[in-house]
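Q: Quick one, entry.tsv (TSV, C-alpha atoms and all ligand atoms):
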chain	number	residue	atom	x	y	z
A	1	MET	CA	-13.62	-27.29	113.49
A	2	ASN	CA	-14.47	-29.42	116.54
A	3	LYS	CA	-12.01	-28.85	119.34
A	4	ILE	CA	-10.80	-31.43	121.82
A	5	SER	CA	-9.99	-30.96	125.49
A	6	LEU	CA	-6.89	-32.11	127.29
A	7	THR	CA	-4.99	-31.20	130.44
A	8	ILE	CA	-1.39	-30.04	130.58
A	9	ASN	CA	0.18	-29.47	134.00
A	10	GLY	CA	-3.31	-29.36	135.52
A	11	LYS	CA	-4.52	-26.70	133.10
A	12	LYS	CA	-7.60	-27.49	130.95
A	13	ILE	CA	-6.77	-26.71	127.34
A	14	GLU	CA	-8.65	-26.81	124.04
A	15	ALA	CA	-6.80	-27.99	120.96
A	16	VAL	CA	-7.42	-28.70	117.30
A	17	PRO	CA	-7.22	-32.40	116.35
A	18	GLY	CA	-3.90	-33.08	114.61
A	19	GLN	CA	-1.94	-30.62	116.72
A	20	THR	CA	0.97	-32.00	118.69
A	21	VAL	CA	1.35	-31.79	122.46
A	22	LEU	CA	4.32	-29.43	121.92
A	23	GLU	CA	2.35	-27.04	119.70
A	24	VAL	CA	-0.56	-26.91	122.09
A	25	ALA	CA	1.69	-26.43	125.13
A	26	ARG	CA	3.59	-23.57	123.48
A	27	GLU	CA	0.38	-21.91	122.30
A	28	ASN	CA	-0.70	-21.90	125.93
A	29	GLY	CA	2.52	-20.50	127.37
A	30	ILE	CA	3.86	-23.83	128.63
A	31	ASP	CA	7.55	-24.11	127.80
A	32	ILE	CA	8.93	-27.46	126.65
A	33	PRO	CA	12.59	-27.52	125.55
A	34	THR	CA	13.43	-28.81	122.06
A	35	LEU	CA	16.50	-29.36	119.92
A	36	CYS	CA	15.64	-31.42	116.82
A	37	TYR	CA	12.24	-29.76	116.33
A	38	TYR	CA	12.26	-27.30	113.42
A	39	PRO	CA	8.95	-25.78	112.30
A	40	GLY	CA	8.09	-26.43	108.67
A	41	THR	CA	9.90	-29.77	108.53
A	42	LYS	CA	8.93	-33.36	109.33
A	43	LEU	CA	8.52	-34.24	112.98
A	44	VAL	CA	11.16	-36.80	113.88
A	45	GLY	CA	11.22	-36.91	117.69
A	46	ALA	CA	14.94	-37.70	117.48
A	47	CYS	CA	16.64	-35.83	120.33
A	48	ARG	CA	14.11	-36.70	123.11
A	49	VAL	CA	14.65	-33.35	124.84
A	50	CYS	CA	10.94	-32.57	124.58
A	51	VAL	CA	9.74	-35.66	126.46
A	52	VAL	CA	6.63	-35.42	128.64
A	53	GLU	CA	4.66	-37.79	130.85
A	54	ILE	CA	1.25	-38.85	129.54
A	55	GLU	CA	-1.13	-40.47	132.01
A	56	GLY	CA	-1.62	-44.17	131.20
A	57	GLN	CA	1.54	-44.44	129.10
A	58	ARG	CA	4.49	-46.40	130.46
A	59	CYS	CA	7.21	-44.53	128.55
A	60	LEU	CA	7.89	-40.83	128.26
A	61	ALA	CA	6.67	-39.44	124.93
A	62	ALA	CA	8.35	-36.98	122.56
A	63	SER	CA	5.86	-34.10	122.70
A	64	CYS	CA	6.94	-32.72	119.27
A	65	ALA	CA	5.68	-35.86	117.52
A	66	MET	CA	2.77	-36.82	119.81
A	67	PRO	CA	-0.67	-35.78	118.53
A	68	VAL	CA	-3.16	-34.60	121.11
A	69	SER	CA	-6.16	-36.80	121.89
A	70	PRO	CA	-9.39	-36.16	123.84
A	71	GLY	CA	-9.00	-36.36	127.61
A	72	MET	CA	-5.20	-36.63	127.43
A	73	VAL	CA	-3.46	-35.74	130.72
A	74	VAL	CA	0.07	-34.44	130.20
A	75	ARG	CA	2.78	-33.34	132.63
A	76	THR	CA	5.84	-31.48	131.39
A	77	ASP	CA	7.53	-30.73	134.69
A	78	THR	CA	7.78	-33.90	136.79
A	79	PRO	CA	11.16	-34.98	138.26
A	80	ARG	CA	11.12	-37.98	135.88
A	81	VAL	CA	10.69	-35.69	132.85
A	82	VAL	CA	13.34	-33.21	133.97
A	83	GLU	CA	15.83	-35.99	134.80
A	84	ALA	CA	15.36	-37.53	131.34
A	85	GLN	CA	15.79	-34.17	129.61
A	86	LYS	CA	18.86	-33.40	131.65
A	87	MET	CA	20.45	-36.74	130.81
A	88	VAL	CA	19.91	-36.16	127.08
A	89	VAL	CA	21.65	-32.79	127.35
A	90	GLU	CA	24.54	-34.30	129.32
A	91	LEU	CA	24.99	-37.06	126.74
A	92	LEU	CA	25.00	-34.53	123.90
A	93	TRP	CA	27.52	-32.38	125.69
A	94	ALA	CA	29.77	-35.38	126.40
A	95	SER	CA	29.67	-36.61	122.81
A	96	GLY	CA	31.15	-33.44	121.33
A	97	ASP	CA	33.84	-30.80	121.61
A	98	HIS	CA	31.98	-27.96	123.29
A	99	ASN	CA	34.50	-25.29	124.13
A	100	CYS	CA	32.16	-22.31	124.10
A	101	LEU	CA	35.04	-19.84	124.59
A	102	VAL	CA	36.11	-20.16	120.97
A	103	CYS	CA	32.79	-21.08	119.42
A	104	GLU	CA	31.05	-18.71	117.03
A	105	ALA	CA	27.67	-19.88	118.36
A	106	ASN	CA	28.43	-18.82	121.94
A	107	GLY	CA	25.38	-16.85	123.06
A	108	ASN	CA	23.25	-18.19	120.23
A	109	CYS	CA	23.40	-21.92	120.93
A	110	GLU	CA	20.42	-24.03	121.92
A	111	LEU	CA	22.61	-26.71	123.51
A	112	GLN	CA	24.38	-24.10	125.63
A	113	ASP	CA	20.98	-22.68	126.67
A	114	LEU	CA	19.84	-26.12	127.82
A	115	VAL	CA	23.04	-26.79	129.78
A	116	TYR	CA	22.35	-23.53	131.60
A	117	ARG	CA	18.64	-24.23	132.02
A	118	PHE	CA	19.31	-27.61	133.64
A	119	LYS	CA	22.17	-26.19	135.75
A	120	ILE	CA	24.63	-28.81	134.52
A	121	GLU	CA	28.14	-27.96	135.66
A	122	LYS	CA	29.77	-30.99	134.09
A	123	PRO	CA	28.36	-34.07	132.34
A	124	ARG	CA	28.36	-37.29	134.35
A	125	PHE	CA	29.83	-39.09	131.33
A	126	PRO	CA	33.37	-38.93	129.92
A	127	ILE	CA	33.70	-36.27	127.24
A	128	GLU	CA	34.64	-38.04	124.01
A	129	PRO	CA	34.65	-35.72	120.98
A	130	PRO	CA	34.88	-37.61	117.69
A	131	GLY	CA	37.91	-35.64	116.47
A	132	TYR	CA	36.68	-34.65	113.00
A	133	PRO	CA	38.72	-32.09	111.04
A	134	VAL	CA	36.99	-28.71	110.72
A	135	GLU	CA	35.81	-28.07	107.15
A	136	ARG	CA	37.10	-24.72	105.89
A	137	SER	CA	37.34	-25.48	102.17
A	138	ASN	CA	34.96	-22.72	101.07
A	139	THR	CA	34.70	-19.03	101.98
A	140	MET	CA	31.07	-19.05	103.11
A	141	ILE	CA	30.23	-21.92	105.47
A	142	GLN	CA	32.38	-23.57	108.12
A	143	ARG	CA	31.45	-27.00	109.46
A	144	ASP	CA	32.75	-28.45	112.70
A	145	LEU	CA	31.02	-31.79	113.21
A	146	ASN	CA	32.62	-32.08	116.65
A	147	LYS	CA	29.84	-29.69	117.73
A	148	CYS	CA	27.10	-31.59	115.88
A	149	ILE	CA	24.35	-33.07	118.04
A	150	LEU	CA	22.82	-35.08	115.15
A	151	CYS	CA	19.50	-33.28	115.42
A	152	GLY	CA	19.02	-33.56	111.64
A	153	ARG	CA	17.67	-30.02	111.27
A	154	CYS	CA	20.19	-29.22	108.53
A	155	ILE	CA	19.18	-32.34	106.62
A	156	ARG	CA	15.48	-31.58	106.81
A	157	VAL	CA	15.83	-27.91	105.91
A	158	CYS	CA	18.08	-28.76	102.94
A	159	ASN	CA	15.86	-31.59	101.68
A	160	GLU	CA	12.35	-30.47	102.58
A	161	ILE	CA	12.42	-26.66	102.51
A	162	GLN	CA	15.22	-25.82	100.08
A	163	VAL	CA	14.70	-29.12	98.17
A	164	ASN	CA	18.41	-29.22	97.38
A	165	GLU	CA	18.81	-32.75	98.79
A	166	VAL	CA	22.48	-32.38	99.59
A	167	LEU	CA	22.61	-33.69	103.16
A	168	ASP	CA	21.90	-36.95	104.95
A	169	PHE	CA	23.18	-39.08	107.79
A	170	SER	CA	25.99	-41.51	107.10
A	171	GLU	CA	27.74	-44.17	109.20
A	172	ARG	CA	26.09	-45.68	112.27
A	173	GLY	CA	26.26	-45.55	116.06
A	174	SER	CA	28.90	-43.29	117.56
A	175	ARG	CA	30.41	-42.64	114.08
A	176	MET	CA	27.15	-41.29	112.67
A	177	LYS	CA	27.59	-37.91	110.99
A	178	VAL	CA	25.78	-35.52	108.68
A	179	GLY	CA	27.01	-34.24	105.35
A	180	PRO	CA	26.87	-34.52	101.58
A	181	ALA	CA	27.13	-37.87	99.79
A	182	PHE	CA	30.46	-39.73	100.07
A	183	ASP	CA	31.43	-37.47	102.97
A	184	ALA	CA	32.40	-34.72	100.51
A	185	ASP	CA	33.03	-31.14	101.56
A	186	TYR	CA	30.21	-28.73	100.68
A	187	ILE	CA	32.33	-27.19	97.92
A	188	ASP	CA	32.71	-30.60	96.21
A	189	SER	CA	29.01	-31.49	96.52
A	190	ASN	CA	25.89	-30.15	94.81
A	191	CYS	CA	25.41	-27.63	97.64
A	192	VAL	CA	24.22	-24.29	96.27
A	193	PHE	CA	25.29	-22.36	99.40
A	194	CYS	CA	21.82	-21.11	100.22
A	195	GLY	CA	22.93	-21.18	103.87
A	196	ALA	CA	19.62	-22.55	105.17
A	197	CYS	CA	21.51	-25.19	107.15
A	198	VAL	CA	23.47	-22.40	108.88
A	199	ASP	CA	20.24	-20.79	110.08
A	200	ALA	CA	18.79	-24.17	111.11
A	201	CYS	CA	21.77	-25.52	113.06
A	202	PRO	CA	21.10	-25.14	116.80
A	203	THR	CA	24.82	-25.26	117.70
A	204	GLY	CA	28.13	-24.05	116.32
A	205	ALA	CA	28.46	-27.06	114.00
A	206	ILE	CA	27.53	-25.08	110.86
A	207	VAL	CA	28.35	-21.39	110.95
A	208	ASN	CA	28.66	-18.45	108.60
A	209	ARG	CA	32.37	-18.22	107.92
A	210	GLN	CA	32.31	-14.61	106.73
A	211	SER	CA	31.05	-13.35	110.09
A	212	ARG	CA	33.42	-15.30	112.36
A	213	PHE	CA	35.10	-12.96	114.87
A	214	GLU	CA	33.02	-10.06	113.48
A	215	GLY	CA	30.79	-9.63	116.54
A	216	ARG	CA	29.15	-11.74	119.25
A	217	PRO	CA	25.44	-12.54	118.85
A	218	TRP	CA	24.40	-10.13	121.61
A	219	GLU	CA	26.37	-7.30	119.98
A	220	LEU	CA	24.58	-7.59	116.64
A	221	LYS	CA	21.69	-5.35	115.72
A	222	LYS	CA	19.21	-6.82	113.24
A	223	VAL	CA	17.71	-4.59	110.57
A	224	ARG	CA	14.92	-6.02	108.42
A	225	THR	CA	15.22	-5.18	104.75
A	226	THR	CA	14.33	-6.39	101.26
A	227	CYS	CA	17.06	-8.07	99.24
A	228	GLY	CA	18.08	-5.91	96.29
A	229	TYR	CA	19.63	-8.63	94.15
A	230	CYS	CA	16.54	-9.60	92.14
A	231	GLY	CA	12.84	-8.97	91.80
A	232	VAL	CA	11.61	-11.69	94.25
A	233	GLY	CA	11.86	-9.27	97.16
A	234	CYS	CA	13.09	-11.70	99.82
A	235	GLN	CA	12.88	-10.40	103.37
A	236	MET	CA	16.17	-10.62	105.23
A	237	ASP	CA	17.82	-9.40	108.41
A	238	LEU	CA	21.06	-7.49	108.07
A	239	ASN	CA	23.14	-8.22	111.17
A	240	LEU	CA	25.13	-5.10	112.03
A	241	HIS	CA	28.10	-4.75	114.33
A	242	GLU	CA	29.28	-1.20	114.98
A	243	GLY	CA	27.50	-0.01	111.84
A	244	ARG	CA	28.97	-2.68	109.55
A	245	ILE	CA	26.94	-5.48	107.98
A	246	VAL	CA	28.65	-8.66	109.17
A	247	LYS	CA	26.11	-11.25	108.06
A	248	VAL	CA	22.65	-11.79	106.62
A	249	THR	CA	20.02	-14.08	108.08
A	250	GLY	CA	16.62	-15.13	106.73
A	251	SER	CA	13.49	-13.69	108.37
A	252	ARG	CA	11.42	-16.77	109.18
A	253	ASP	CA	8.85	-14.77	111.12
A	254	HIS	CA	8.02	-12.52	108.17
A	255	GLY	CA	6.32	-15.06	105.90
A	256	THR	CA	6.05	-14.21	102.21
A	257	PRO	CA	7.73	-14.27	99.84
A	258	ASN	CA	10.66	-16.35	101.11
A	259	TYR	CA	9.63	-17.62	104.58
A	260	GLY	CA	13.22	-17.27	105.83
A	261	SER	CA	14.95	-18.85	102.84
A	262	LEU	CA	17.62	-16.97	100.93
A	263	CYS	CA	19.84	-17.75	97.95
A	264	VAL	CA	23.61	-17.56	97.89
A	265	LYS	CA	23.57	-13.95	96.61
A	266	GLY	CA	21.31	-12.63	99.35
A	267	ARG	CA	22.99	-14.65	102.09
A	268	PHE	CA	26.66	-14.32	101.24
A	269	GLY	CA	26.81	-11.59	98.58
A	270	MET	CA	26.57	-8.52	100.81
A	271	ASP	CA	30.30	-8.24	101.45
A	272	PHE	CA	30.60	-5.85	98.49
A	273	ILE	CA	29.07	-3.14	100.69
A	274	HIS	CA	32.22	-2.67	102.78
A	275	HIS	CA	34.67	-4.03	100.23
A	276	PRO	CA	37.79	-1.84	99.92
A	277	SER	CA	37.62	-2.04	96.09
A	278	ARG	CA	34.04	-0.77	95.95
A	279	LEU	CA	33.60	2.30	93.75
A	280	LYS	CA	32.16	5.12	95.83
A	281	LYS	CA	32.76	8.01	93.44
A	282	PRO	CA	32.21	8.35	89.69
A	283	LEU	CA	35.27	7.96	87.47
A	284	ILE	CA	35.82	9.76	84.15
A	285	ARG	CA	38.33	8.41	81.65
A	286	GLU	CA	40.69	11.05	80.32
A	287	GLY	CA	43.65	10.23	78.09
A	288	GLY	CA	43.19	6.55	78.83
A	289	GLU	CA	43.30	7.10	82.62
A	290	LEU	CA	40.40	7.09	85.07
A	291	ARG	CA	40.09	10.03	87.44
A	292	GLU	CA	37.66	10.66	90.28
A	293	ALA	CA	34.88	13.17	89.60
A	294	SER	CA	31.97	14.68	91.50
A	295	TRP	CA	28.44	13.44	90.78
A	296	ASP	CA	27.53	16.85	89.27
A	297	GLU	CA	30.48	16.67	86.91
A	298	ALA	CA	29.71	13.08	85.96
A	299	TYR	CA	26.03	13.80	85.21
A	300	SER	CA	26.95	16.88	83.13
A	301	TYR	CA	29.47	14.80	81.19
A	302	ILE	CA	26.90	12.04	80.52
A	303	ALA	CA	24.24	14.58	79.45
A	304	ASP	CA	26.67	16.35	77.09
A	305	ARG	CA	27.84	13.10	75.50
A	306	MET	CA	24.29	11.73	75.08
A	307	SER	CA	23.09	15.01	73.55
A	308	ALA	CA	26.05	15.05	71.14
A	309	ILE	CA	25.52	11.42	70.07
A	310	LYS	CA	21.78	11.98	69.61
A	311	ALA	CA	22.37	15.16	67.53
A	312	LYS	CA	24.85	13.41	65.27
A	313	HIS	CA	23.35	9.86	64.95
A	314	GLY	CA	19.71	10.17	66.06
A	315	PRO	CA	17.96	8.87	69.21
A	316	ASP	CA	18.07	5.21	68.13
A	317	SER	CA	21.85	5.30	68.41
A	318	LEU	CA	21.35	5.35	72.19
A	319	ALA	CA	20.00	2.64	74.50
A	320	GLY	CA	19.28	2.32	78.21
A	321	LEU	CA	19.80	-0.79	80.34
A	322	SER	CA	18.21	-0.74	83.76
A	323	SER	CA	18.79	-2.90	86.80
A	324	ALA	CA	16.79	-5.38	88.84
A	325	ARG	CA	18.38	-3.83	91.90
A	326	CYS	CA	16.35	-0.63	91.43
A	327	THR	CA	12.82	-0.24	92.69
A	328	ASN	CA	9.81	-0.50	90.37
A	329	GLU	CA	9.42	3.26	90.62
A	330	GLU	CA	13.04	3.87	89.61
A	331	ASN	CA	12.70	1.47	86.68
A	332	TYR	CA	9.49	3.19	85.58
A	333	LEU	CA	11.19	6.58	85.66
A	334	PHE	CA	14.19	5.21	83.76
A	335	GLN	CA	12.15	3.82	80.86
A	336	LYS	CA	10.11	7.05	80.80
A	337	PHE	CA	13.32	9.07	80.56
A	338	ILE	CA	14.72	6.89	77.73
A	339	ARG	CA	11.44	6.94	75.78
A	340	ALA	CA	10.23	10.51	76.40
A	341	ALA	CA	13.45	12.47	76.89
A	342	VAL	CA	15.93	10.54	74.74
A	343	GLY	CA	13.28	9.50	72.21
A	344	THR	CA	14.03	5.82	71.65
A	345	ASN	CA	12.43	2.53	72.64
A	346	ASN	CA	15.87	0.97	73.08
A	347	VAL	CA	15.38	0.23	76.75
A	348	ASP	CA	15.84	-3.05	78.57
A	349	HIS	CA	16.39	-4.48	82.01
A	350	CYS	CA	18.89	-7.00	83.29
A	351	ALA	CA	16.02	-9.07	84.81
A	352	ARG	CA	18.49	-10.82	87.08
A	353	LEU	CA	22.16	-10.72	87.90
A	401	LIG	S1	28.11	-25.53	119.95
A	401	LIG	FE1	27.17	-24.48	121.69
A	401	LIG	S2	27.71	-25.70	123.45
A	401	LIG	FE2	29.08	-26.30	121.78
A	401	LIG	S3	30.87	-25.00	122.00
A	401	LIG	FE3	29.50	-23.92	120.64
A	401	LIG	S4	28.32	-22.56	121.96
A	401	LIG	FE4	29.26	-24.11	123.26
A	402	LIG	S1	23.90	-24.46	102.08
A	402	LIG	FE1	21.81	-24.98	101.31
A	402	LIG	S2	22.18	-26.48	99.69
A	402	LIG	FE2	24.07	-26.37	100.88
A	402	LIG	S3	23.87	-28.02	102.40
A	402	LIG	FE3	23.13	-26.12	103.39
A	402	LIG	S4	20.90	-26.15	103.02
A	402	LIG	FE4	21.81	-27.62	101.60
A	403	LIG	S1	25.13	-29.97	111.80
A	403	LIG	FE1	23.81	-28.75	113.16
A	403	LIG	S2	21.74	-28.93	112.27
A	403	LIG	FE2	22.99	-30.54	111.35
A	403	LIG	S3	22.60	-32.34	112.60
A	403	LIG	FE3	24.45	-31.35	113.43
A	403	LIG	S4	23.73	-29.98	115.03
A	403	LIG	FE4	21.94	-30.56	113.80
Now that the file is in, can you turn its structure into structure tokens?
Ligand code: SF4
Ligand code: SF4
Ligand code: SF4
A:
Amino acid sequence: MNKISLTINGKKIEAVPGQTVLEVARENGIDIPTLCYYPGTKLVGACRVCVVEIEGQRCLAASCAMPVSPGMVVRTDTPRVVEAQKMVVELLWASGDHNCLVCEANGNCELQDLVYRFKIEKPRFPIEPPGYPVERSNTMIQRDLNKCILCGRCIRVCNEIQVNEVLDFSERGSRMKVGPAFDADYIDSNCVFCGACVDACPTGAIVNRQSRFEGRPWELKKVRTTCGYCGVGCQMDLNLHEGRIVKVTGSRDHGTPNYGSLCVKGRFGMDFIHHPSRLKKPLIREGGELREASWDEAYSYIADRMSAIKAKHGPDSLAGLSSARCTNEENYLFQKFIRAAVGTNNVDHCARL
């Protein structure tokens, strides 16, 4: 493909036609701050944090939505650019309730990072949070629109990537907000609790409710794994705090098969691991009561009972049901055992939970 040349901050750069100024700058190690930009979704140029100066253009341009053109001369670091970016951040800060001390996003907040980057000690404008009630009507996702910066990332990820089409903007001007139709809570909408909006939100406006107060972002260790709930094999990051899984996040950098998306089971269904009611030892029923047993005892009991049933009623009186949460190898061995050792073709698989 023919490349085009442009200049960013005095550096000659080659780019592919159709790329944006932001993409080309980042590919070449030139940092431009962003907030509303979210890879994989439509470019909206809404927040104006990524503005740059382009020679010959009167107004600053949103670099995330500006395609490169031959001979373009771009500056990302002039006083005019920095002053505009700083003012956007100050306005966003002033329009919300940003008490980082009690915010779950503290340490993992793109607005907080920009306040620090631009060395803003206090916004020049009066702080006027809208005073929305915090939504806590479900056990998985908490929404606090007082921390929303109206970047629209949650809307685009829900509509364009998850294709659930739950979210949109409503109202106008200073009363503009995001949410499901008719301002319903998530639990009363057609939200499927995939949690993609949690991952996409750059602030503490949408957070994972299960992991609140379970560990600060810098204390969490991420462990990449494959979801065991079904056969898709989604890649996910278990977020561990002191050896406990406190939340699950999608792995956008991994690519196939899920490109960072998860379903409600993978995202919010891992709490069974540390649940106090989880069975950790086999139980054998005796005289109508369940008692704990060792694995050796349980396997011997199963083998004895299966042998007795087979001897009395034949192999077709037995059946095996395997699980989608086992590996292919385990499932192969299971069907082999049922067919070759037990002697019946009565074997099936739950396919999904
Ligand atoms: S959303 Fe970000 S800036 Fe606002 S309170 Fe939370 S951490 Fe602080
Ligand atoms: S949890 Fe999923 S379906 Fe529900 S609003 Fe967020 S992105 Fe949309
Ligand atoms: S809730 Fe979060 S992702 Fe959605 S518009 Fe507000 S700040 Fe952006």
Q: Could you check which residues have any atom within 9 Å of (12.3, -37.2, 119.7), counting all atoms listed in the file with coordinates taken straight from the file, and then list them as a tab-separated table (two decimals) with C-alpha atoms, in the frame of the given file?
A:
chain	number	residue	atom	x	y	z
A	34	THR	CA	13.43	-28.81	122.06
A	35	LEU	CA	16.50	-29.36	119.92
A	36	CYS	CA	15.64	-31.42	116.82
A	37	TYR	CA	12.24	-29.76	116.33
A	43	LEU	CA	8.52	-34.24	112.98
A	44	VAL	CA	11.16	-36.80	113.88
A	45	GLY	CA	11.22	-36.91	117.69
A	46	ALA	CA	14.94	-37.70	117.48
A	47	CYS	CA	16.64	-35.83	120.33
A	48	ARG	CA	14.11	-36.70	123.11
A	49	VAL	CA	14.65	-33.35	124.84
A	50	CYS	CA	10.94	-32.57	124.58
A	51	VAL	CA	9.74	-35.66	126.46
A	61	ALA	CA	6.67	-39.44	124.93
A	62	ALA	CA	8.35	-36.98	122.56
A	63	SER	CA	5.86	-34.10	122.70
A	64	CYS	CA	6.94	-32.72	119.27
A	65	ALA	CA	5.68	-35.86	117.52
Q: Could you pull out the residues sitting within 6 Å of ligand LIG 403 (chain A), using all atoms listed in the file, and write them as a list in words?
A: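 Residues satisfying the distance criterion: Cys148, Ile149, Leu150, Cys151, Gly152, Arg153, Cys154, Val178, Ala200, Cys201, Pro202, Thr203, Ala205 and Ile206 of chain A.
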Q: List all protein, DNA and RNA residues that have any atom at most 6 Å from ligand LIG 402 (chain A), counting only C-alpha atoms and all ligand atoms, and write the list as a ChimeraX atom specification.
A: /A:158,164,166-167,191-197
Q: Box for ligand LIG 401 (chain A): with edges along x, y and z, all listed atoms inside and 8 Å added on each side, what are the centre and edge lengths in Å to one decimal, as lines of an AutoDock Vina configuration file?
A:
center_x = 29.0
center_y = -24.4
center_z = 121.7
size_x = 19.7
size_y = 19.7
size_z = 19.5
Q: What do you get as a list in words if you pick all residues at most 6 Å from ligand LIG 401 (chain A), counting only C-alpha atoms and all ligand atoms?
A: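 Here is the list of contacting residues: His98, Asn99, Cys100, Cys103, Ala105, Asn106, Cys109, Leu111, Gln112, Lys147, Thr203 and Gly204 of chain A.
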Q: Just want the 12 Å neighbourhood of Arg339 in chain A, counted on all atoms listed in the file, with same-chain residues fewer than 6 positions away dropped. Output as a short mmCIF file (atom, residue, chain, number, x, y, z; two decimals) with C-alpha atoms, in the coordinates of the input.
A:
data_model
loop_
_atom_site.label_atom_id
_atom_site.label_comp_id
_atom_site.auth_asym_id
_atom_site.auth_seq_id
_atom_site.Cartn_x
_atom_site.Cartn_y
_atom_site.Cartn_z
CA PRO A 315 17.96 8.87 69.21
CA ASP A 316 18.07 5.21 68.13
CA LEU A 318 21.35 5.35 72.19
CA ALA A 319 20.00 2.64 74.50
CA GLY A 320 19.28 2.32 78.21
CA TYR A 332 9.49 3.19 85.58
CA LEU A 333 11.19 6.58 85.66
CA ASN A 345 12.43 2.53 72.64
CA ASN A 346 15.87 0.97 73.08
CA VAL A 347 15.38 0.23 76.75
CA ASP A 348 15.84 -3.05 78.57
#
Q: Might you pull out every residue within 12 Å of Met140 in chain A, with only C-alpha atoms counted and same-chain residues fewer than 5 positions away left off, and present them as a ChimeraX atom specification?
A: /A:135,186-187,191-195,198,206-212,247-248,264-265,267-271
Q: With only C-alpha atoms as the atoms that count, which of A:Pro79, A:Pro33, A:Pro67, A:Gly131 lies nearest to Leu114 in chain A?
A: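 Smallest distance to Leu114 in chain A is found for A:Pro33.
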Q: Which residues, written as a PDB file with C-alpha atoms, in the coordinates of the input, have at least one atom at most 9 Å from Phe118 in chain A, with all atoms listed in the file counted and residues fewer than 2 positions away on the same chain left out?
A:
ATOM      1  CA  VAL A  82      13.340 -33.210 133.970  1.00  0.00           C
ATOM      2  CA  GLN A  85      15.790 -34.170 129.610  1.00  0.00           C
ATOM      3  CA  LYS A  86      18.860 -33.400 131.650  1.00  0.00           C
ATOM      4  CA  VAL A  89      21.650 -32.790 127.350  1.00  0.00           C
ATOM      5  CA  ASP A 113      20.980 -22.680 126.670  1.00  0.00           C
ATOM      6  CA  LEU A 114      19.840 -26.120 127.820  1.00  0.00           C
ATOM      7  CA  VAL A 115      23.040 -26.790 129.780  1.00  0.00           C
ATOM      8  CA  TYR A 116      22.350 -23.530 131.600  1.00  0.00           C
ATOM      9  CA  ILE A 120      24.630 -28.810 134.520  1.00  0.00           C
TER      10      ILE A 120
END
Q: For CA of Cys227 in chain A and CA of Asn239 in chain A, quote the distance in Å rounded to one decimal.
A: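 The value is 13.4 Å.
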Q: Would you mind telling me which residue in A:His274, A:Pro17, A:Thr76, A:His349 lies nearest to Asn328 in chain A when using all atoms listed in the file?
A: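 Nearest to Asn328 in chain A: A:His349.
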Q: Quick one: of A:Lys3, A:Glu27, A:Gly179, A:Gly233, who's nearest to Ala324 in chain A, counting all atoms listed in the file?
A: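 Using all atoms listed in the file, Ala324 in chain A sits closest to A:Gly233.
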Q: Please check which residues have atoms at most 10 Å from (15.6, -3.8, 104.7) in the file's coordinates, counting only C-alpha atoms, and write them as a PyMOL selection string.
A: chain A and resi 222-228+234-238
Q: Between A:Leu321, A:Val74, A:Met176, A:Ile32, which has the minimum distance to Asn9 in chain A (counting all atoms listed in the file)?
A: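 Smallest distance to Asn9 in chain A is found for A:Val74.
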Q: So the first atom is CA of Pro217 in chain A and the second is CA of Glu104 in chain A; what is the distance between them in Å, to one decimal place?
A: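 Atom-to-atom, CA of Pro217 in chain A to CA of Glu104 in chain A, that is 8.5 Å.
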Q: I want to know what sits within 10 Å of Lys11 in chain A, based on all atoms listed in the file, with residues of the same chain fewer than 5 positions away left out; could you give that as a list in words?
A: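 Once the nearby chain positions are removed, what remains is Leu6, Asn28, Ile30, Val73, Val74 and Arg75 of chain A.
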Q: Could you tell me which of A:Glu242, A:Asp199, A:Glu286, A:Asp188 comes closest to Glu214 in chain A if we count all atoms listed in the file?
A: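 For Glu214 in chain A, the nearest of the candidates is A:Glu242.
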Q: For Ser137 in chain A, which of A:Ala184, A:Ser261, A:Ser5, A:Ile161 is the closest residue, counting all atoms listed in the file?
A: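 When distances to Ser137 in chain A are compared using all atoms listed in the file, the smallest one comes from A:Ala184.
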Q: What does the structure give for the distance between CA of Tyr132 in chain A and CA of Leu145 in chain A, in Å to one decimal?
A: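 A separation of 6.3 Å between them.
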